[in-house]
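Trainee: For reference, the file start39.pdb (PDB, C-alpha atoms) is included below:
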ATOM      1  CA  MET A 180      15.781  -6.645   7.094
ATOM      2  CA  ALA A 181      18.088  -4.110   8.739
ATOM      3  CA  ALA A 182      20.071  -1.348   7.097
ATOM      4  CA  ALA A 183      22.895   0.848   8.308
ATOM      5  CA  ALA A 184      22.204   4.559   8.577
ATOM      6  CA  HIS A 185      22.723   6.473   5.318
ATOM      7  CA  GLN A 186      22.776  10.169   4.540
ATOM      8  CA  VAL A 187      19.944  10.780   2.084
ATOM      9  CA  SER A 188      19.533  14.180   0.449
ATOM     10  CA  ALA A 189      16.399  13.515  -1.665
ATOM     11  CA  VAL A 190      13.546  11.018  -1.853
ATOM     12  CA  ILE A 191      11.873   9.659  -4.993
ATOM     13  CA  PHE A 192       8.460   7.997  -4.789
ATOM     14  CA  ASP A 193       6.672   5.713  -7.185
ATOM     15  CA  LEU A 194       2.951   6.498  -7.598
ATOM     16  CA  ASP A 195       0.832   3.431  -8.412
ATOM     17  CA  GLY A 196       0.854   0.936  -5.550
ATOM     18  CA  THR A 197       3.206   3.089  -3.457
ATOM     19  CA  LEU A 198       1.337   6.342  -2.838
ATOM     20  CA  LEU A 199      -2.024   5.271  -4.253
ATOM     21  CA  ASP A 200      -3.679   1.896  -3.742
ATOM     22  CA  THR A 201      -4.090   1.465  -7.494
ATOM     23  CA  GLU A 202      -3.332  -2.261  -7.343
ATOM     24  CA  ARG A 203      -6.471  -2.864  -5.274
ATOM     25  CA  ALA A 204      -8.433  -0.373  -7.391
ATOM     26  CA  THR A 205      -7.328  -2.157 -10.563
ATOM     27  CA  ARG A 206      -8.272  -5.516  -9.052
ATOM     28  CA  ASP A 207     -11.709  -4.275  -7.983
ATOM     29  CA  VAL A 208     -12.458  -2.624 -11.324
ATOM     30  CA  LEU A 209     -11.247  -5.664 -13.249
ATOM     31  CA  THR A 210     -13.385  -7.995 -11.113
ATOM     32  CA  GLU A 211     -16.454  -5.798 -11.669
ATOM     33  CA  PHE A 212     -15.971  -5.572 -15.428
ATOM     34  CA  LEU A 213     -15.272  -9.299 -15.807
ATOM     35  CA  ALA A 214     -18.267 -10.247 -13.656
ATOM     36  CA  ALA A 215     -20.490  -8.342 -16.071
ATOM     37  CA  TYR A 216     -19.279 -10.674 -18.801
ATOM     38  CA  GLY A 217     -19.273 -13.883 -16.764
ATOM     39  CA  LYS A 218     -15.485 -14.001 -16.339
ATOM     40  CA  VAL A 219     -13.025 -13.985 -13.436
ATOM     41  CA  PRO A 220      -9.477 -12.576 -13.131
ATOM     42  CA  ASP A 221      -6.453 -14.806 -13.720
ATOM     43  CA  ALA A 222      -4.326 -14.200 -10.600
ATOM     44  CA  GLY A 223      -1.140 -15.450 -12.262
ATOM     45  CA  GLU A 224      -1.487 -13.133 -15.229
ATOM     46  CA  GLU A 225      -2.292 -10.142 -13.031
ATOM     47  CA  GLU A 226       0.832 -10.676 -10.911
ATOM     48  CA  LYS A 227       2.937 -10.523 -14.089
ATOM     49  CA  ARG A 228       1.534  -7.066 -14.866
ATOM     50  CA  LEU A 229       2.743  -5.480 -11.617
ATOM     51  CA  GLY A 230       5.159  -2.646 -12.440
ATOM     52  CA  GLN A 231       4.571  -2.733 -16.200
ATOM     53  CA  MET A 232       4.297   0.487 -18.192
ATOM     54  CA  TYR A 233       0.705   1.634 -17.758
ATOM     55  CA  LEU A 234      -0.307   1.439 -21.420
ATOM     56  CA  GLU A 235       1.204  -2.029 -21.717
ATOM     57  CA  SER A 236      -0.625  -3.261 -18.636
ATOM     58  CA  THR A 237      -4.023  -1.763 -19.483
ATOM     59  CA  THR A 238      -3.894  -2.785 -23.138
ATOM     60  CA  GLY A 239      -2.970  -6.308 -22.039
ATOM     61  CA  ILE A 240      -5.934  -6.523 -19.656
ATOM     62  CA  ILE A 241      -8.414  -5.397 -22.308
ATOM     63  CA  ARG A 242      -6.895  -7.737 -24.913
ATOM     64  CA  ASP A 243      -6.458 -10.839 -22.714
ATOM     65  CA  TYR A 244     -10.003 -10.737 -21.359
ATOM     66  CA  GLY A 245     -11.659  -9.477 -24.532
ATOM     67  CA  LEU A 246     -13.255  -6.475 -22.791
ATOM     68  CA  PRO A 247     -15.301  -4.130 -25.026
ATOM     69  CA  LEU A 248     -13.615  -1.047 -23.500
ATOM     70  CA  THR A 249     -11.118   1.602 -24.500
ATOM     71  CA  VAL A 250      -8.006   2.271 -22.439
ATOM     72  CA  ASP A 251      -9.473   5.639 -21.356
ATOM     73  CA  GLU A 252     -12.757   4.052 -20.192
ATOM     74  CA  TYR A 253     -10.951   1.445 -18.136
ATOM     75  CA  SER A 254      -8.515   4.021 -16.720
ATOM     76  CA  LYS A 255     -11.211   6.451 -15.578
ATOM     77  CA  ALA A 256     -13.035   3.682 -13.694
ATOM     78  CA  MET A 257      -9.809   2.671 -11.952
ATOM     79  CA  TRP A 258      -8.712   6.198 -10.991
ATOM     80  CA  GLN A 259     -12.053   6.869  -9.322
ATOM     81  CA  LYS A 260     -11.426   4.006  -6.875
ATOM     82  CA  ALA A 261      -7.752   4.691  -6.082
ATOM     83  CA  LYS A 262      -7.050   6.041  -2.583
ATOM     84  CA  PRO A 263      -3.841   7.046  -0.764
ATOM     85  CA  LEU A 264      -2.218   4.214   1.174
ATOM     86  CA  PRO A 265      -1.743   4.438   4.960
ATOM     87  CA  GLY A 266       1.335   6.375   6.032
ATOM     88  CA  VAL A 267       2.096   8.067   2.707
ATOM     89  CA  LYS A 268       0.527  11.475   3.435
ATOM     90  CA  ARG A 269       2.256  11.602   6.809
ATOM     91  CA  LEU A 270       5.652  10.785   5.281
ATOM     92  CA  VAL A 271       5.425  13.100   2.276
ATOM     93  CA  LYS A 272       4.274  16.106   4.359
ATOM     94  CA  HIS A 273       6.927  15.399   7.026
ATOM     95  CA  LEU A 274       9.754  15.304   4.485
ATOM     96  CA  HIS A 275       8.504  18.391   2.668
ATOM     97  CA  LYS A 276       8.125  20.307   5.946
ATOM     98  CA  ASN A 277      11.760  19.504   6.732
ATOM     99  CA  GLY A 278      13.045  20.703   3.374
ATOM    100  CA  VAL A 279      13.793  17.319   1.793
ATOM    101  CA  PRO A 280      13.515  17.531  -2.039
ATOM    102  CA  LEU A 281      10.868  15.122  -3.334
ATOM    103  CA  ALA A 282      10.199  13.611  -6.760
ATOM    104  CA  LEU A 283       7.465  11.406  -8.134
ATOM    105  CA  ALA A 284       8.606   8.892 -10.774
ATOM    106  CA  SER A 285       5.918   6.697 -12.346
ATOM    107  CA  ASN A 286       5.851   4.153 -15.149
ATOM    108  CA  SER A 287       2.469   5.633 -16.142
ATOM    109  CA  ILE A 288       2.532   8.167 -18.948
ATOM    110  CA  ARG A 289       2.646  11.750 -17.703
ATOM    111  CA  ARG A 290      -0.907  12.514 -18.833
ATOM    112  CA  ASN A 291      -2.235   9.709 -16.637
ATOM    113  CA  VAL A 292      -0.039  10.780 -13.737
ATOM    114  CA  ASP A 293      -1.605  14.239 -13.926
ATOM    115  CA  HIS A 294      -5.087  12.679 -13.845
ATOM    116  CA  LYS A 295      -4.207  10.867 -10.602
ATOM    117  CA  LEU A 296      -2.534  13.793  -8.807
ATOM    118  CA  PRO A 297      -5.830  15.198  -7.414
ATOM    119  CA  LYS A 298      -6.091  11.971  -5.370
ATOM    120  CA  LEU A 299      -3.045  13.203  -3.438
ATOM    121  CA  GLU A 300      -5.024  16.251  -2.285
ATOM    122  CA  ASP A 301      -2.960  19.225  -1.081
ATOM    123  CA  TRP A 302       0.184  17.198  -0.416
ATOM    124  CA  GLY A 303       0.597  16.464  -4.117
ATOM    125  CA  LYS A 304       2.158  19.941  -4.270
ATOM    126  CA  CYS A 305       5.062  18.700  -2.135
ATOM    127  CA  PHE A 306       6.733  17.141  -5.198
ATOM    128  CA  SER A 307       9.054  19.549  -6.997
ATOM    129  CA  VAL A 308       9.697  16.991  -9.754
ATOM    130  CA  ILE A 309       7.041  14.802 -11.395
ATOM    131  CA  LEU A 310       7.957  12.364 -14.163
ATOM    132  CA  GLY A 311       5.987   9.888 -16.261
ATOM    133  CA  GLY A 312       7.344   6.874 -18.082
ATOM    134  CA  ASP A 313       6.982   8.593 -21.451
ATOM    135  CA  GLN A 314       9.383  11.374 -20.427
ATOM    136  CA  VAL A 315      12.462   9.135 -20.425
ATOM    137  CA  PRO A 316      13.924   6.781 -23.074
ATOM    138  CA  ASN A 317      13.094   3.571 -21.184
ATOM    139  CA  GLY A 318      10.645   2.687 -18.421
ATOM    140  CA  LYS A 319      11.409   0.679 -15.284
ATOM    141  CA  PRO A 320      13.354  -1.586 -14.695
ATOM    142  CA  SER A 321      15.650   0.761 -16.622
ATOM    143  CA  PRO A 322      17.203   3.329 -14.243
ATOM    144  CA  ASP A 323      16.420   6.182 -16.680
ATOM    145  CA  ILE A 324      13.517   7.709 -14.751
ATOM    146  CA  PHE A 325      15.406   7.700 -11.441
ATOM    147  CA  LEU A 326      18.517   9.221 -13.015
ATOM    148  CA  GLU A 327      16.394  11.957 -14.582
ATOM    149  CA  ALA A 328      14.544  12.588 -11.313
ATOM    150  CA  ALA A 329      17.835  12.907  -9.417
ATOM    151  CA  LYS A 330      19.186  15.280 -12.083
ATOM    152  CA  ARG A 331      16.119  17.531 -11.860
ATOM    153  CA  LEU A 332      16.310  17.489  -8.056
ATOM    154  CA  GLY A 333      19.948  18.544  -8.238
ATOM    155  CA  ALA A 334      20.991  15.433  -6.314
ATOM    156  CA  ASN A 335      23.516  12.678  -6.892
ATOM    157  CA  PRO A 336      21.631   9.397  -7.508
ATOM    158  CA  SER A 337      23.725   7.719  -4.803
ATOM    159  CA  SER A 338      22.338  10.161  -2.230
ATOM    160  CA  CYS A 339      18.713   9.484  -3.241
ATOM    161  CA  LEU A 340      16.276   7.113  -1.589
ATOM    162  CA  VAL A 341      13.633   5.485  -3.807
ATOM    163  CA  ILE A 342      10.400   4.099  -2.350
ATOM    164  CA  GLU A 343       8.767   1.471  -4.586
ATOM    165  CA  ASP A 344       6.128  -1.257  -4.484
ATOM    166  CA  SER A 345       7.179  -3.299  -7.548
ATOM    167  CA  VAL A 346      10.185  -5.499  -8.245
ATOM    168  CA  VAL A 347      10.868  -3.731 -11.550
ATOM    169  CA  GLY A 348      10.868  -0.398  -9.724
ATOM    170  CA  VAL A 349      13.318  -1.644  -7.098
ATOM    171  CA  LYS A 350      15.588  -3.018  -9.839
ATOM    172  CA  GLY A 351      15.546   0.326 -11.638
ATOM    173  CA  ALA A 352      16.302   2.203  -8.415
ATOM    174  CA  LYS A 353      19.273  -0.002  -7.545
ATOM    175  CA  ALA A 354      20.579   0.200 -11.123
ATOM    176  CA  SER A 355      20.596   4.004 -10.801
ATOM    177  CA  GLY A 356      22.813   3.803  -7.726
ATOM    178  CA  ALA A 357      20.097   4.895  -5.306
ATOM    179  CA  LYS A 358      19.033   3.203  -2.085
ATOM    180  CA  ALA A 359      15.674   1.427  -2.277
ATOM    181  CA  VAL A 360      12.888   0.806   0.213
ATOM    182  CA  ALA A 361      10.363  -1.769  -0.993
ATOM    183  CA  VAL A 362       6.740  -1.740   0.162
ATOM    184  CA  PRO A 363       5.428  -4.751  -1.810
ATOM    185  CA  SER A 364       1.930  -4.645  -3.255
ATOM    186  CA  LEU A 365       1.826  -8.452  -3.488
ATOM    187  CA  GLN A 366       2.643 -10.043  -0.152
ATOM    188  CA  ASN A 367       3.114 -13.509  -1.636
ATOM    189  CA  GLN A 368       5.972 -12.087  -3.719
ATOM    190  CA  ARG A 369       7.987 -10.597  -0.829
ATOM    191  CA  ASN A 370      10.922 -12.972  -1.403
ATOM    192  CA  HIS A 371      11.441 -11.381  -4.846
ATOM    193  CA  TYR A 372      12.416  -8.037  -3.296
ATOM    194  CA  TYR A 373      15.711  -9.226  -1.823
ATOM    195  CA  ILE A 374      17.759  -6.566  -3.667
ATOM    196  CA  ALA A 375      16.005  -3.753  -1.778
ATOM    197  CA  ASP A 376      17.901  -2.194   1.119
ATOM    198  CA  VAL A 377      14.816  -2.433   3.350
ATOM    199  CA  ILE A 378      11.466  -4.201   2.936
ATOM    200  CA  LEU A 379       8.450  -2.787   4.789
ATOM    201  CA  TYR A 380       4.819  -3.833   4.998
ATOM    202  CA  SER A 381       3.591  -0.244   4.877
ATOM    203  CA  LEU A 382       4.988   3.267   5.164
ATOM    204  CA  LEU A 383       3.622   3.389   8.705
ATOM    205  CA  ASP A 384       6.861   1.551   9.550
ATOM    206  CA  PHE A 385       9.185   3.945   7.717
ATOM    207  CA  GLN A 386      11.912   5.332  10.001
ATOM    208  CA  PRO A 387      13.399   8.553   8.555
ATOM    209  CA  GLU A 388      16.321   8.526  10.990
ATOM    210  CA  MET A 389      17.667   5.340   9.349
ATOM    211  CA  TRP A 390      18.438   7.508   6.332
ATOM    212  CA  GLY A 391      19.772  10.598   8.113
ATOM    213  CA  LEU A 392      16.380  12.325   7.836
ATOM    214  CA  PRO A 393      14.491  14.127  10.642
ATOM    215  CA  PRO A 394      12.534  11.643  12.808
ATOM    216  CA  PHE A 395       8.768  11.675  13.280
ATOM    217  CA  GLU A 396       7.438  13.193  16.482
ATOM    218  CA  ASP A 397       3.718  12.633  16.063
ATOM    219  CA  ARG A 398       2.848   9.670  18.278
ATOM    220  CA  ILE A 399       0.427  10.209  21.143
ATOM    221  CA  GLN A 400       1.273   8.020  24.157
ATOM    222  CA  GLY A 401       2.970   5.565  21.814
ATOM    223  CA  VAL A 402       0.095   5.410  19.315
ATOM    224  CA  LEU A 403       0.196   6.901  15.816
ATOM    225  CA  PRO A 404      -3.204   8.335  14.782
ATOM    226  CA  ILE A 405      -4.172   7.136  11.289
ATOM    227  CA  ASP A 406      -7.031   7.735   8.886
ATOM    228  CA  PRO A 407      -9.770   5.309  10.019
ATOM    229  CA  LEU A 408      -9.908   1.846   8.454
ATOM    230  CA  LEU A 409     -13.166  -0.125   8.475
ATOM    231  CA  SER A 410     -13.622  -3.883   8.669
ATOM    232  CA  ASN A 411     -16.917  -5.780   8.602
ATOM    233  CA  ALA A 412     -15.689  -8.797  10.512
ATOM    234  CA  ARG A 413     -17.185 -12.046  11.771
ATOM    235  CA  ILE A 414     -15.606 -13.066  15.035
ATOM    236  CA  GLY A 415     -14.401 -16.647  15.296
ATOM    237  CA  GLY A 416     -13.367 -18.772  18.248
ATOM    238  CA  LYS A 417     -11.511 -17.621  21.348
ATOM    239  CA  ILE A 418      -7.717 -17.928  21.325
ATOM    240  CA  LEU A 419      -7.015 -16.699  24.840
ATOM    241  CA  ASN A 420      -9.144 -14.758  27.336
ATOM    242  CA  ASN A 421     -10.857 -12.033  25.268
ATOM    243  CA  ILE A 422      -8.682 -12.555  22.170
ATOM    244  CA  HIS A 423     -10.549 -13.956  19.169
ATOM    245  CA  TRP A 424      -9.585 -14.765  15.615
ATOM    246  CA  VAL A 425     -11.492 -13.170  12.741
ATOM    247  CA  ILE A 426     -13.105 -15.390  10.133
ATOM    248  CA  SER A 427     -11.228 -14.604   6.932
ATOM    249  CA  ASP A 428     -13.484 -13.541   4.067
ATOM    250  CA  ASP A 429     -13.809 -10.694   1.569
ATOM    251  CA  CYS A 430     -15.895  -8.581   3.970
ATOM    252  CA  ALA A 431     -13.198  -8.571   6.667
ATOM    253  CA  TYR A 432     -10.566  -7.045   4.363
ATOM    254  CA  GLU A 433     -12.696  -5.182   1.820
ATOM    255  CA  TYR A 434     -11.488  -1.789   3.078
ATOM    256  CA  ILE A 435      -8.134  -2.886   4.538
ATOM    257  CA  PRO A 436      -5.193  -2.403   2.123
ATOM    258  CA  ASP A 437      -2.972  -5.439   1.559
ATOM    259  CA  GLN A 438       0.004  -3.516   2.981
ATOM    260  CA  ILE A 439      -1.602  -3.173   6.423
ATOM    261  CA  SER A 440       0.214  -5.304   8.985
ATOM    262  CA  GLY A 441       0.854  -4.764  12.682
ATOM    263  CA  ILE A 442      -0.803  -4.001  16.011
ATOM    264  CA  PHE A 443      -3.571  -1.382  15.907
ATOM    265  CA  LEU A 444      -5.954   0.384  18.273
ATOM    266  CA  GLY A 445      -9.632   0.746  17.482
ATOM    267  CA  TRP A 446     -13.263   0.247  18.351
ATOM    268  CA  ALA A 447     -15.687  -2.606  17.800
ATOM    269  CA  LYS A 448     -19.455  -2.339  17.527
ATOM    270  CA  SER A 449     -21.889  -5.242  17.693
ATOM    271  CA  LYS A 450     -25.642  -5.464  18.147
ATOM    272  CA  VAL A 451     -25.324  -7.614  21.255
ATOM    273  CA  HIS A 452     -22.429  -5.970  23.112
ATOM    274  CA  GLY A 453     -22.466  -2.427  21.758
ATOM    275  CA  PHE A 454     -19.139  -0.597  21.703
ATOM    276  CA  SER A 455     -15.829  -1.987  22.936
ATOM    277  CA  LYS A 456     -12.270  -0.751  22.737
ATOM    278  CA  VAL A 457     -10.091  -3.272  20.883
ATOM    279  CA  ILE A 458      -6.520  -4.111  19.981
ATOM    280  CA  VAL A 459      -6.301  -5.548  16.454
ATOM    281  CA  ALA A 460      -3.375  -7.646  15.250
ATOM    282  CA  THR A 461      -3.386  -8.248  11.512
ATOM    283  CA  GLY A 462      -0.845  -9.555   9.048
ATOM    284  CA  TRP A 463       0.012 -12.386   6.693
ATOM    285  CA  ASP A 464       0.592 -16.069   7.390
ATOM    286  CA  PHE A 465       3.524 -17.309   5.299
ATOM    287  CA  SER A 466       3.728 -20.716   6.994
ATOM    288  CA  GLN A 467       1.272 -22.391   4.615
ATOM    289  CA  GLN A 468       1.624 -23.143   0.927
ATOM    290  CA  THR A 469      -0.919 -20.395   0.219
ATOM    291  CA  VAL A 470      -0.231 -17.001   1.796
ATOM    292  CA  GLU A 471      -3.286 -15.873   3.756
ATOM    293  CA  ARG A 472      -4.328 -12.835   5.763
ATOM    294  CA  VAL A 473      -4.849 -13.232   9.500
ATOM    295  CA  MET A 474      -6.559 -10.982  12.031
ATOM    296  CA  HIS A 475      -6.946 -11.321  15.796
ATOM    297  CA  VAL A 476      -9.060  -9.010  17.961
ATOM    298  CA  HIS A 477      -8.572  -8.402  21.677
ATOM    299  CA  PHE A 478     -11.749  -7.019  23.269
ATOM    300  CA  LEU A 479     -10.537  -4.808  26.127
ATOM    301  CA  ASP A 480     -13.862  -4.158  27.854
ATOM    302  CA  CYS A 481     -16.211  -6.896  26.656
ATOM    303  CA  SER A 482     -16.463 -10.182  28.534
ATOM    304  CA  GLY A 483     -19.474 -11.727  26.799
ATOM    305  CA  THR A 484     -19.528 -14.381  24.115
ATOM    306  CA  VAL A 485     -18.846 -12.892  20.653
ATOM    307  CA  GLU A 486     -18.155 -16.016  18.551
ATOM    308  CA  THR A 487     -19.647 -15.827  15.005
ATOM    309  CA  GLU A 488     -21.088 -12.412  15.834
ATOM    310  CA  PRO A 489     -20.864  -9.758  13.074
ATOM    311  CA  VAL A 490     -18.749  -6.860  14.302
ATOM    312  CA  LYS A 491     -17.825  -3.538  12.736
ATOM    313  CA  LEU A 492     -14.207  -2.677  13.458
ATOM    314  CA  LEU A 493     -12.945   0.895  13.222
ATOM    315  CA  ILE A 494      -9.142   1.044  13.325
ATOM    316  CA  ILE A 495      -7.879   4.498  14.337
ATOM    317  CA  GLY A 496      -4.304   4.110  15.598
ATOM    318  CA  TYR A 497      -1.094   2.222  14.798
ATOM    319  CA  ILE A 498       0.929   0.837  17.718
ATOM    320  CA  ARG A 499       3.782  -1.212  16.244
ATOM    321  CA  LYS A 500       4.757  -3.851  13.718
ATOM    322  CA  LEU A 501       4.274  -7.542  14.433
ATOM    323  CA  GLN A 502       7.141  -9.417  16.082
ATOM    324  CA  ARG A 503       8.169 -12.378  13.949
TER     325      ARG A 503
END
Please rewrite the model in this file as structure tokens.
Mentor:
Amino acid sequence: MAAAAHQVSAVIFDLDGTLLDTERATRDVLTEFLAAYGKVPDAGEEEKRLGQMYLESTTGIIRDYGLPLTVDEYSKAMWQKAKPLPGVKRLVKHLHKNGVPLALASNSIRRNVDHKLPKLEDWGKCFSVILGGDQVPNGKPSPDIFLEAAKRLGANPSSCLVIEDSVVGVKGAKASGAKAVAVPSLQNQRNHYYIADVILYSLLDFQPEMWGLPPFEDRIQGVLPIDPLLSNARIGGKILNNIHWVISDDCAYEYIPDQISGIFLGWAKSKVHGFSKVIVATGWDFSQQTVERVMHVHFLDCSGTVETEPVKLLIIGYIRKLQR
């Protein structure tokens, strides 16, 4: 989607699924707990929980699966696994450095928000306003939390930009009069975010200048350095020259957030061929009835046969988004 340039005076971020990869952490923790009791997650039910008030979501999980846990026990296990998503630290620090007022507005209760803030490291201090869902009359999709955040920032809601990963969050943002950028946590639900002004795969693609904000100037020869991402991949058949497809399994994407999509620079290591510089193209295939992840690897300095060979991929730079 494209959007005309807007003058934004403040930015409001969601926390779970937007700044922190809590959706994956929740999924991993739930899978581990259920496996201990011989159960598996219900994908349909878990999709319905996206964007719910935290207590509602967690209580529902414990109740629906009959887990012998308290909300606090489940929450602590989840928070330990949550990590910042690619691009968020860069964006938050860039905006703060340039004097853009920032707020954090979460459907989680404030006490739980405070427990998660250490995961944001030093850049968590960039937010001058932090709100939990229990600090306003109604949680998302009500606009209450965004209206309160704008008020505390001293900004008109119409001059605010909200960055959200859930449909209910986007609805609340638009109802408040703010502009909304959606970074969906669930890729198979992207068509539900049509009311957002812009839909991105990850915040690596965020362009501040679209919103009248100072542009990034941190690329090195066209490549954006990122925190390393690891993939334990099995290389499949050759597509063209030294370009191979990656066999899709849990190992390939275990450490790759669902929001990662685009062309990346990295290194590959295999027992047979050693180290090789690679270009990695990864994204989602929406052409089939079931949405699936896809990854292709271009070996830049390896001419040997690598089919079915286990390879460790280390992704260190972002080049651009995929052309569709």
Trainee: The PyMOL selection byres ((chain A and resi 453) around 12) on the file shown: which residues, as a PyMOL selection string?
Mentor: chain A and resi 446-452+454-456+478+480-483+485+488-492
Trainee: From the options A:Lys358, A:Ile309, A:Glu471, A:Ile494, which residue's atoms come nearest to Asn411 in chain A, counting only C-alpha atoms?
Mentor: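 Distance minimum relative to Asn411 in chain A lands on A:Ile494.
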Trainee: With distances taken over all atoms listed in the file, which of A:Leu274, A:Val250, A:Val362, A:Ile240 is nearest to Val190 in chain A?
Mentor: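 Using all atoms listed in the file, the shortest distance to Val190 in chain A belongs to A:Leu274.
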Trainee: Which is closest to Val292 in chain A among A:Val457, A:Leu194, A:Ile378, A:Val476, if we use all atoms listed in the file?
Mentor: A:Leu194
Trainee: Counting all atoms listed in the file, which of A:Asp193, A:Asp428, A:Asp323, A:Asp464 gets nearest to Val360 in chain A?
Mentor: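 Closest residue, counting all atoms listed in the file: A:Asp193.
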Trainee: Please write the residues picked by the PyMOL selection byres ((chain A and resi 196) around 10) on this file as a ChimeraX atom specification.
Mentor: /A:193-195,197-204,229-230,261-264,343-345,362-365,438
Trainee: Out of A:Phe192, A:Phe443, A:Trp424, A:Trp390, which residue has the shortest atom-to-atom distance to Ser307 in chain A when counting only C-alpha atoms?
Mentor: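 Counting only C-alpha atoms, the residue closest to Ser307 in chain A is A:Phe192.
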Trainee: Between A:His475, A:Lys298, A:Arg499, A:Trp463, which residue has the minimum interatomic distance to Arg413 in chain A, considering only C-alpha atoms?
Mentor: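 Selected residue with least distance to Arg413 in chain A: A:His475.
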Trainee: Taking the file as shown, what set of residues would the PyMOL selection byres ((chain A and resi 397) around 12) give back, as a PyMOL selection string?
Mentor: chain A and resi 269-270+273+383+394-396+398-405+496-497
Trainee: Mind pulling up the distance from CA of Ala357 in chain A to CA of Ile374 in chain A?
Mentor: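 CA of Ile374 in chain A sits 11.8 Å away from CA of Ala357 in chain A.
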Trainee: Determine, using all atoms listed in the file, which residues of range 257-330 of chain A have any atom at most 9 Å from an atom of range 205-216 of chain A, and tabulate each with its shortest atom pair and distance in Å to one decimal place, rows ordered by chain and then rising number, as a Markdown table.
Mentor:
| residue | atom | partner | partner_atom | distance |
| --- | --- | --- | --- | --- |
| A:Met257 | CA | A:Thr205 | CA | 5.6 |
| A:Trp258 | CA | A:Thr205 | CA | 8.5 |
| A:Lys260 | CA | A:Val208 | CA | 8.1 |
| A:Ala261 | CA | A:Thr205 | CA | 8.2 |
Trainee: What is the CA of Gln314 in chain A-CA of Cys339 in chain A distance in Å, reported with one decimal?
Mentor: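 Those two atoms sit 19.6 Å apart.
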Trainee: Dig up all the protein and nucleic acid residues within 10 Å of (-7.4, -12.3, -20.8) in the file frame, using all atoms listed in the file, and format them as a ChimeraX atom specification.
Mentor: /A:213,218-221,224-225,239-246
Trainee: Mind giving me the straight-line distance from CA of Leu248 in chain A to CA of Leu234 in chain A in Å, one decimal?
Mentor: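 Rounded to one decimal, the two atoms are 13.7 Å apart.
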Trainee: For a quick check of your reading of the model, name the residues lying within 12 Å of the coordinate (-0.9, 16.4, -8.3), counting all atoms listed in the file, and write them as a tab-separated table (two decimals) with C-alpha atoms, in the coordinates of the input.
Mentor:
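Once everything was written out, this is part29.tsv:
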chain	number	residue	atom	x	y	z
A	194	LEU	CA	2.95	6.50	-7.60
A	198	LEU	CA	1.34	6.34	-2.84
A	199	LEU	CA	-2.02	5.27	-4.25
A	282	ALA	CA	10.20	13.61	-6.76
A	283	LEU	CA	7.46	11.41	-8.13
A	289	ARG	CA	2.65	11.75	-17.70
A	290	ARG	CA	-0.91	12.51	-18.83
A	291	ASN	CA	-2.24	9.71	-16.64
A	292	VAL	CA	-0.04	10.78	-13.74
A	293	ASP	CA	-1.60	14.24	-13.93
A	294	HIS	CA	-5.09	12.68	-13.84
A	295	LYS	CA	-4.21	10.87	-10.60
A	296	LEU	CA	-2.53	13.79	-8.81
A	297	PRO	CA	-5.83	15.20	-7.41
A	298	LYS	CA	-6.09	11.97	-5.37
A	299	LEU	CA	-3.04	13.20	-3.44
A	300	GLU	CA	-5.02	16.25	-2.28
A	301	ASP	CA	-2.96	19.23	-1.08
A	302	TRP	CA	0.18	17.20	-0.42
A	303	GLY	CA	0.60	16.46	-4.12
A	304	LYS	CA	2.16	19.94	-4.27
A	305	CYS	CA	5.06	18.70	-2.13
A	306	PHE	CA	6.73	17.14	-5.20
A	307	SER	CA	9.05	19.55	-7.00
A	308	VAL	CA	9.70	16.99	-9.75
A	309	ILE	CA	7.04	14.80	-11.40
A	310	LEU	CA	7.96	12.36	-14.16
Trainee: Could you name the residues that touch Tyr373 in chain A at 12 Å or less, counting all atoms listed in the file, but leaving out those on the same chain fewer than 4 positions away, as a list in words?
Mentor: Met180, Ala181, Ser345, Val346, Val349, Lys350, Lys353, Ala359, Val360, Ala361, Val362, Pro363, Gln368, Arg369, Val377, Ile378 and Leu379 of chain A
Trainee: What's around Val315 in chain A at 12 Å? Count all atoms listed in the file, leave out sequence neighbours fewer than 6 positions away in its own chain, and write the answer as a list in words.
Mentor: Ala284, Ser285, Asn286, Ser287, Ile288, Arg289, Ile309, Ser321, Pro322, Asp323, Ile324, Phe325, Leu326, Glu327 and Ala328 of chain A
Trainee: I'd like the box whose edges run along x, y and z of the file and which contains every listed atom of range 362-381 of chain A, padded by 6 Å per side; could you state its centre and edge lengths in Å, one decimal, as AutoDock Vina command-line options?
Mentor:
--center_x 9.9 --center_y -6.9 --center_z 0.1 --size_x 28.1 --size_y 25.3 --size_z 21.8
